[in-house]
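Have a look at target08.csv; it's CSV, C-alpha atoms:
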chain,number,residue,atom,x,y,z
I,218,MET,CA,3.1,20.2,9.8
I,219,ALA,CA,1.0,17.1,9.1
I,220,LYS,CA,-2.8,17.1,9.5
I,221,TYR,CA,-4.0,14.5,12.0
I,222,PHE,CA,-7.1,12.6,11.2
I,223,ASP,CA,-8.7,10.5,14.1
I,224,VAL,CA,-10.9,7.9,12.4
I,225,HIS,CA,-13.1,5.4,14.1
I,226,PRO,CA,-11.8,1.8,13.3
I,227,ASP,CA,-15.2,0.2,12.8
I,228,ASN,CA,-17.4,3.0,11.6
I,229,PRO,CA,-15.2,5.6,9.7
I,230,GLN,CA,-16.7,9.0,9.7
I,231,PRO,CA,-17.7,9.8,6.1
I,232,ARG,CA,-16.8,13.5,6.4
I,233,THR,CA,-13.3,12.6,7.7
I,234,ILE,CA,-12.8,10.0,5.0
I,235,SER,CA,-13.8,12.6,2.4
I,236,GLN,CA,-11.3,15.1,3.8
I,237,ILE,CA,-8.5,12.5,3.6
I,238,ALA,CA,-9.4,11.6,0.0
I,239,ASP,CA,-9.5,15.3,-1.0
I,240,SER,CA,-6.0,15.7,0.5
I,241,VAL,CA,-4.7,12.8,-1.5
I,242,ARG,CA,-6.3,14.2,-4.7
I,243,SER,CA,-4.5,17.5,-3.9
I,244,GLY,CA,-1.1,15.8,-3.9
I,245,ALA,CA,-0.8,14.9,-0.2
I,246,LEU,CA,1.5,12.1,1.0
I,247,ILE,CA,-0.3,10.3,3.9
I,248,ALA,CA,0.6,7.8,6.5
I,249,TYR,CA,-2.4,5.4,6.9
I,250,PRO,CA,-3.2,2.1,8.6
I,251,THR,CA,-3.8,-1.2,6.8
I,252,ASP,CA,-4.5,-4.8,7.8
I,253,SER,CA,-0.8,-5.5,8.2
I,254,CYS,CA,0.9,-2.3,9.3
I,255,TYR,CA,1.1,1.4,8.5
I,256,ALA,CA,1.9,2.5,4.9
I,257,LEU,CA,2.8,5.7,3.1
I,258,GLY,CA,0.3,6.5,0.4
I,259,SER,CA,-0.3,9.0,-2.4
I,260,GLN,CA,-2.4,9.4,-5.6
I,261,LEU,CA,-1.5,7.0,-8.4
I,262,GLY,CA,-0.1,9.6,-10.8
I,263,ASN,CA,1.6,11.7,-8.1
I,264,ARG,CA,5.3,11.6,-9.1
I,265,ASP,CA,6.3,13.9,-6.3
I,266,GLY,CA,4.6,11.6,-3.8
I,267,MET,CA,6.5,8.6,-5.2
I,268,GLU,CA,9.8,10.5,-4.9
I,269,ARG,CA,9.0,11.6,-1.3
I,270,ILE,CA,8.3,7.9,-0.4
I,271,LYS,CA,11.7,7.0,-1.9
I,272,THR,CA,13.4,9.7,0.1
I,273,ILE,CA,11.8,8.8,3.4
I,274,ARG,CA,12.5,5.1,3.0
I,275,GLN,CA,15.8,5.5,1.1
I,276,LEU,CA,14.6,3.2,-1.7
I,277,ASN,CA,16.4,2.4,-4.9
I,278,ASP,CA,15.0,1.7,-8.4
I,279,ARG,CA,14.6,-2.0,-7.7
I,280,HIS,CA,11.9,-1.4,-5.1
I,281,HIS,CA,8.4,-2.6,-5.9
I,282,PHE,CA,5.8,0.0,-5.2
I,283,THR,CA,2.3,-1.4,-4.4
I,284,LEU,CA,-1.0,-0.3,-5.8
I,285,VAL,CA,-3.5,-0.8,-2.9
I,286,CYS,CA,-6.8,-1.6,-4.6
I,287,GLN,CA,-10.4,-1.6,-3.3
I,288,ASN,CA,-11.4,-4.9,-5.0
I,289,PHE,CA,-10.5,-7.5,-7.5
I,290,ALA,CA,-12.1,-5.6,-10.4
I,291,GLN,CA,-9.9,-2.6,-9.8
I,292,LEU,CA,-6.8,-4.7,-9.3
I,293,GLY,CA,-7.4,-6.4,-12.7
I,294,GLN,CA,-7.1,-3.0,-14.5
I,295,PHE,CA,-3.5,-2.7,-13.5
I,296,VAL,CA,-1.9,-6.2,-13.8
I,297,HIS,CA,-2.0,-9.1,-16.2
I,298,ILE,CA,-3.3,-12.3,-14.5
I,299,ASP,CA,-3.7,-15.7,-16.1
I,300,ASN,CA,-6.3,-18.2,-14.9
I,301,ASP,CA,-4.2,-20.2,-12.5
I,302,VAL,CA,-2.8,-17.1,-10.8
I,303,PHE,CA,-6.3,-15.5,-10.8
I,304,ARG,CA,-7.7,-18.4,-8.7
I,305,ALA,CA,-4.8,-18.3,-6.2
I,306,ILE,CA,-5.0,-14.5,-5.7
I,307,LYS,CA,-8.8,-14.5,-5.6
I,308,ALA,CA,-8.7,-17.1,-2.8
I,309,SER,CA,-6.3,-14.9,-0.7
I,310,THR,CA,-8.0,-11.5,-1.0
I,311,PRO,CA,-8.8,-9.4,0.7
I,312,GLY,CA,-5.9,-10.0,3.1
I,313,SER,CA,-2.3,-9.3,4.1
I,314,TYR,CA,-0.7,-10.2,0.8
I,315,THR,CA,1.1,-8.2,-1.8
I,316,PHE,CA,1.3,-9.8,-5.3
I,317,ILE,CA,4.0,-8.9,-7.8
I,318,LEU,CA,2.6,-9.2,-11.4
I,319,PRO,CA,3.3,-7.9,-14.9
I,320,ALA,CA,1.8,-4.4,-15.2
I,321,THR,CA,-0.7,-3.2,-17.7
I,322,LYS,CA,-0.4,0.2,-19.6
I,323,GLU,CA,-2.6,1.7,-16.9
I,324,VAL,CA,0.3,1.8,-14.5
I,325,PRO,CA,2.5,4.9,-14.8
I,326,ARG,CA,5.9,4.0,-16.2
I,327,GLN,CA,7.8,5.5,-13.2
I,328,LEU,CA,6.1,3.0,-10.9
I,329,LEU,CA,7.3,-0.1,-12.8
I,330,HIS,CA,10.2,-2.2,-11.7
I,331,ALA,CA,13.1,-1.0,-13.9
I,332,LYS,CA,13.9,-4.4,-15.4
I,333,LYS,CA,10.8,-6.6,-14.9
I,334,LYS,CA,8.1,-4.1,-15.8
I,335,THR,CA,6.1,-5.4,-12.8
I,336,VAL,CA,4.3,-3.8,-9.9
I,337,GLY,CA,2.9,-4.9,-6.6
I,338,VAL,CA,-0.8,-5.0,-6.0
I,339,ARG,CA,-3.0,-5.8,-2.9
I,340,ILE,CA,-6.5,-5.7,-1.5
I,341,PRO,CA,-6.5,-4.9,2.2
I,342,ASP,CA,-8.9,-6.3,4.7
I,343,HIS,CA,-9.2,-3.1,6.7
I,344,VAL,CA,-12.4,-1.0,7.2
I,345,VAL,CA,-10.7,2.4,7.2
I,346,THR,CA,-8.5,1.7,4.2
I,347,GLN,CA,-11.5,0.3,2.3
I,348,ALA,CA,-13.6,3.4,3.1
I,349,LEU,CA,-10.8,5.6,1.8
I,350,LEU,CA,-10.3,3.5,-1.4
I,351,ALA,CA,-14.1,3.6,-2.1
I,352,GLU,CA,-14.1,7.4,-1.7
I,353,LEU,CA,-11.0,7.8,-3.9
I,354,GLY,CA,-12.3,5.5,-6.7
I,355,GLU,CA,-8.8,4.5,-7.6
I,356,PRO,CA,-5.8,2.7,-6.0
I,357,LEU,CA,-3.4,4.3,-3.6
I,358,LEU,CA,0.3,4.2,-4.5
I,359,SER,CA,1.8,2.7,-1.4
I,360,SER,CA,4.9,1.5,0.4
I,361,THR,CA,5.2,0.0,3.9
I,362,LEU,CA,6.1,2.7,6.5
I,363,LEU,CA,9.4,1.1,7.5
I,364,LEU,CA,12.1,3.7,8.1
I,365,PRO,CA,15.8,3.0,7.2
I,366,ASP,CA,17.8,1.0,9.7
I,367,GLU,CA,14.6,0.1,11.7
I,368,GLU,CA,13.4,-3.5,11.9
I,369,GLU,CA,9.8,-2.9,12.6
I,370,PRO,CA,7.3,-0.3,11.3
I,371,MET,CA,5.7,2.2,13.6
I,372,THR,CA,2.3,1.3,14.8
I,373,GLN,CA,0.9,4.3,16.6
I,374,GLY,CA,-0.5,7.3,14.7
I,375,TRP,CA,0.7,9.8,17.3
I,376,GLU,CA,4.2,8.4,17.1
I,377,ILE,CA,4.2,8.7,13.3
I,378,LYS,CA,2.8,12.3,13.6
I,379,ASP,CA,5.6,13.1,16.1
I,380,ARG,CA,8.4,11.6,14.0
I,381,LEU,CA,7.3,12.4,10.4
I,382,ASP,CA,5.5,15.7,11.0
I,383,HIS,CA,7.9,17.5,8.6
I,384,VAL,CA,7.9,14.9,5.8
I,385,VAL,CA,4.3,13.7,5.4
I,386,ASP,CA,1.2,15.9,4.9
I,387,ALA,CA,-1.3,13.8,6.9
I,388,VAL,CA,-1.5,11.0,9.4
I,389,VAL,CA,-4.6,8.8,9.6
I,390,ASP,CA,-5.1,7.2,13.0
I,391,SER,CA,-7.6,4.4,13.7
I,392,GLY,CA,-5.7,2.6,16.4
I,393,ASP,CA,-2.9,0.0,16.4
I,394,CYS,CA,-2.8,-2.1,13.3
I,395,GLY,CA,0.2,-4.4,14.1
I,396,THR,CA,3.9,-4.4,13.1
I,397,GLU,CA,4.0,-7.3,10.5
I,398,PRO,CA,4.1,-6.2,6.9
I,399,THR,CA,2.4,-8.2,4.1
I,400,THR,CA,3.5,-11.5,2.8
I,401,VAL,CA,4.9,-10.8,-0.7
I,402,ILE,CA,4.3,-13.3,-3.5
I,403,ASP,CA,6.0,-12.9,-6.9
I,404,PHE,CA,3.8,-14.3,-9.7
I,405,SER,CA,5.5,-12.6,-12.5
I,406,SER,CA,6.9,-15.9,-13.9
I,407,GLY,CA,3.5,-17.6,-13.6
I,408,GLU,CA,4.7,-19.6,-10.5
I,409,ALA,CA,4.5,-18.5,-6.9
I,410,GLU,CA,7.8,-17.3,-5.4
I,411,ILE,CA,7.7,-16.2,-1.8
I,412,VAL,CA,9.7,-13.0,-1.6
I,413,ARG,CA,8.8,-12.0,2.0
I,414,LYS,CA,7.1,-14.0,4.7
I,415,GLY,CA,4.8,-11.6,6.7
I,416,ALA,CA,1.3,-11.3,8.1
I,417,GLY,CA,-0.4,-13.5,5.4
I,418,ASP,CA,-0.2,-17.4,5.7
I,419,VAL,CA,2.4,-18.6,3.2
I,420,SER,CA,1.4,-22.3,3.3
I,421,ARG,CA,-1.0,-22.0,0.3
I,422,PHE,CA,1.8,-20.8,-1.9
I,423,GLU,CA,4.5,-23.2,-0.9
In structure tokens, how does this file's structure come out?
Amino acid sequence: MAKYFDVHPDNPQPRTISQIADSVRSGALIAYPTDSCYALGSQLGNRDGMERIKTIRQLNDRHHFTLVCQNFAQLGQFVHIDNDVFRAIKASTPGSYTFILPATKEVPRQLLHAKKKTVGVRIPDHVVTQALLAELGEPLLSSTLLLPDEEEPMTQGWEIKDRLDHVVDAVVDSGDCGTEPTTVIDFSSGEAEIVRKGAGDVSRFE
């Protein structure tokens, strides 16, 4: 049965955020809000968490997992970015974008795209997510909480608790965060390729 954390959307309670972070460090798989929609998240090196996300979402090995980072300095530890790409990404963060880039050796091998050796990264513009990332001191391994055969992610914490009670360890609820996933931009070739149009404005990458 999943724990339920009710977090204030503008002033997250430090004690609650600390409890959520401790759960993640202990191997928990959480459902948490972002600036685009809910996501599934676990600690970066948590292989079991990654496998559970794959099972819940029925993902194959071609899926790009995302490292949700607190800031640009943290993001830069996990991906290679040249100067032109750096400027484009810097101008768009924090925000509802996921960027696919070549991974550094800091990224666990099992998270890499099987052929491209790339990984997704993003910096969310969401108070609760930022508080959790600051408390953790490392990125969250994440994937959009979009269930198989459903067109839109769930948006209500109580609904997620009700439906996923047996497959996640905790649900973080700070109110509705929308249904539109991030815009995904693939920069692995050095040029912007729009993989998915979502919550972020794509015009700057066209």
- Item | Contacts of I:Val344 within 8 Å, all atoms listed in the file, excl. fewer than 3 positions in-chain, as a ChimeraX atom specification | /I:226-229,347-348
- Query: Residues around (4.3, -11.3, -12.4), cut-off 9 Å, counting only C-alpha atoms - what are they as a PyMOL selection string?
  - Reply: chain I and resi 296-298+316-320+333-337+403-408
- Provide the atom CA of I:Ala416 to atom CA of I:Thr361 distance in Å, to one decimal place. 12.7 Å
- Between atom CA of I:Leu381 and atom CA of I:Gly354, measure the distance and give it in Å to one decimal. 26.9 Å
- Item | Residue contacts of stretch 270-280 of chain I (9 Å, only C-alpha atoms) excluding same-chain residues fewer than 6 positions away, as an NGL selection string | :I and (246 or 257-259 or 330-332 or 359-365 or 384)
Could you produce a table of the residues of stretch 266-289 of chain I lying within 8 Å of stretch 338-342 of chain I, with the nearest pair of atoms per residue and their separation in Å rounded to one decimal, using all atoms listed in the file, ordered by chain and increasing residue number, as a tab-separated table?
residue	atom	partner	partner_atom	distance
I:Thr283	CA	I:Val338	CA	5.0
I:Leu284	CA	I:Val338	CA	4.7
I:Val285	CA	I:Arg339	CA	5.0
I:Cys286	CA	I:Ile340	CA	5.1
I:Gln287	CA	I:Ile340	CA	5.9
I:Asn288	CA	I:Ile340	CA	6.1
I:Phe289	CA	I:Ile340	CA	7.4
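Using only C-alpha atoms for every distance, the candidate list I:Gly262, I:Gly374, I:Pro250, I:Gly312 yields I:Gly312 as the residue closest to I:Asp418.
Reported to one decimal place, the separation of atom CA of I:Arg242 from atom CA of I:Trp375 is 23.5 Å.
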Mind running stretch 290-369 of chain I against stretch 389-401 of chain I at 6 Å and telling me each contacting residue's nearest atom pair with the distance in Å (one decimal), counting only C-alpha atoms, chain and number ascending, as CSV?
residue,atom,partner,partner_atom,distance
I:Ser313,CA,I:Thr399,CA,4.8
I:Tyr314,CA,I:Thr400,CA,4.8
I:Thr315,CA,I:Val401,CA,4.7
I:Phe316,CA,I:Val401,CA,5.9
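With all atoms listed in the file as the atoms that count, the minimum distance from I:Leu349 to the choices I:Met218, I:Ala238, I:Val224, I:Ala290 is reached by I:Ala238.
Minimum atom-to-atom distance to I:Gly415, evaluated using all atoms listed in the file, belongs to I:Asp252 out of I:Glu268, I:Asp386, I:Asp252, I:Glu367.
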- Item | Residue with smallest distance to I:Ile234 - pool I:Glu352, I:Ala409, I:Gln373, I:Asp301, counting only C-alpha atoms | I:Glu352
- Nearest to I:Gly293 among I:Val324, I:Val412, I:Ala351, I:Ile247, with distances taken over only C-alpha atoms: which residue is it?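 Among I:Val324, I:Val412, I:Ala351, I:Ile247, it is I:Val324 that comes nearest to I:Gly293.
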- Message: Under the rule that only C-alpha atoms are counted, which of I:Thr372, I:Asn263, I:Ser243, I:Thr251 is the nearest residue to I:Val345?
- Response: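 Counting only C-alpha atoms, the residue closest to I:Val345 is I:Thr251.
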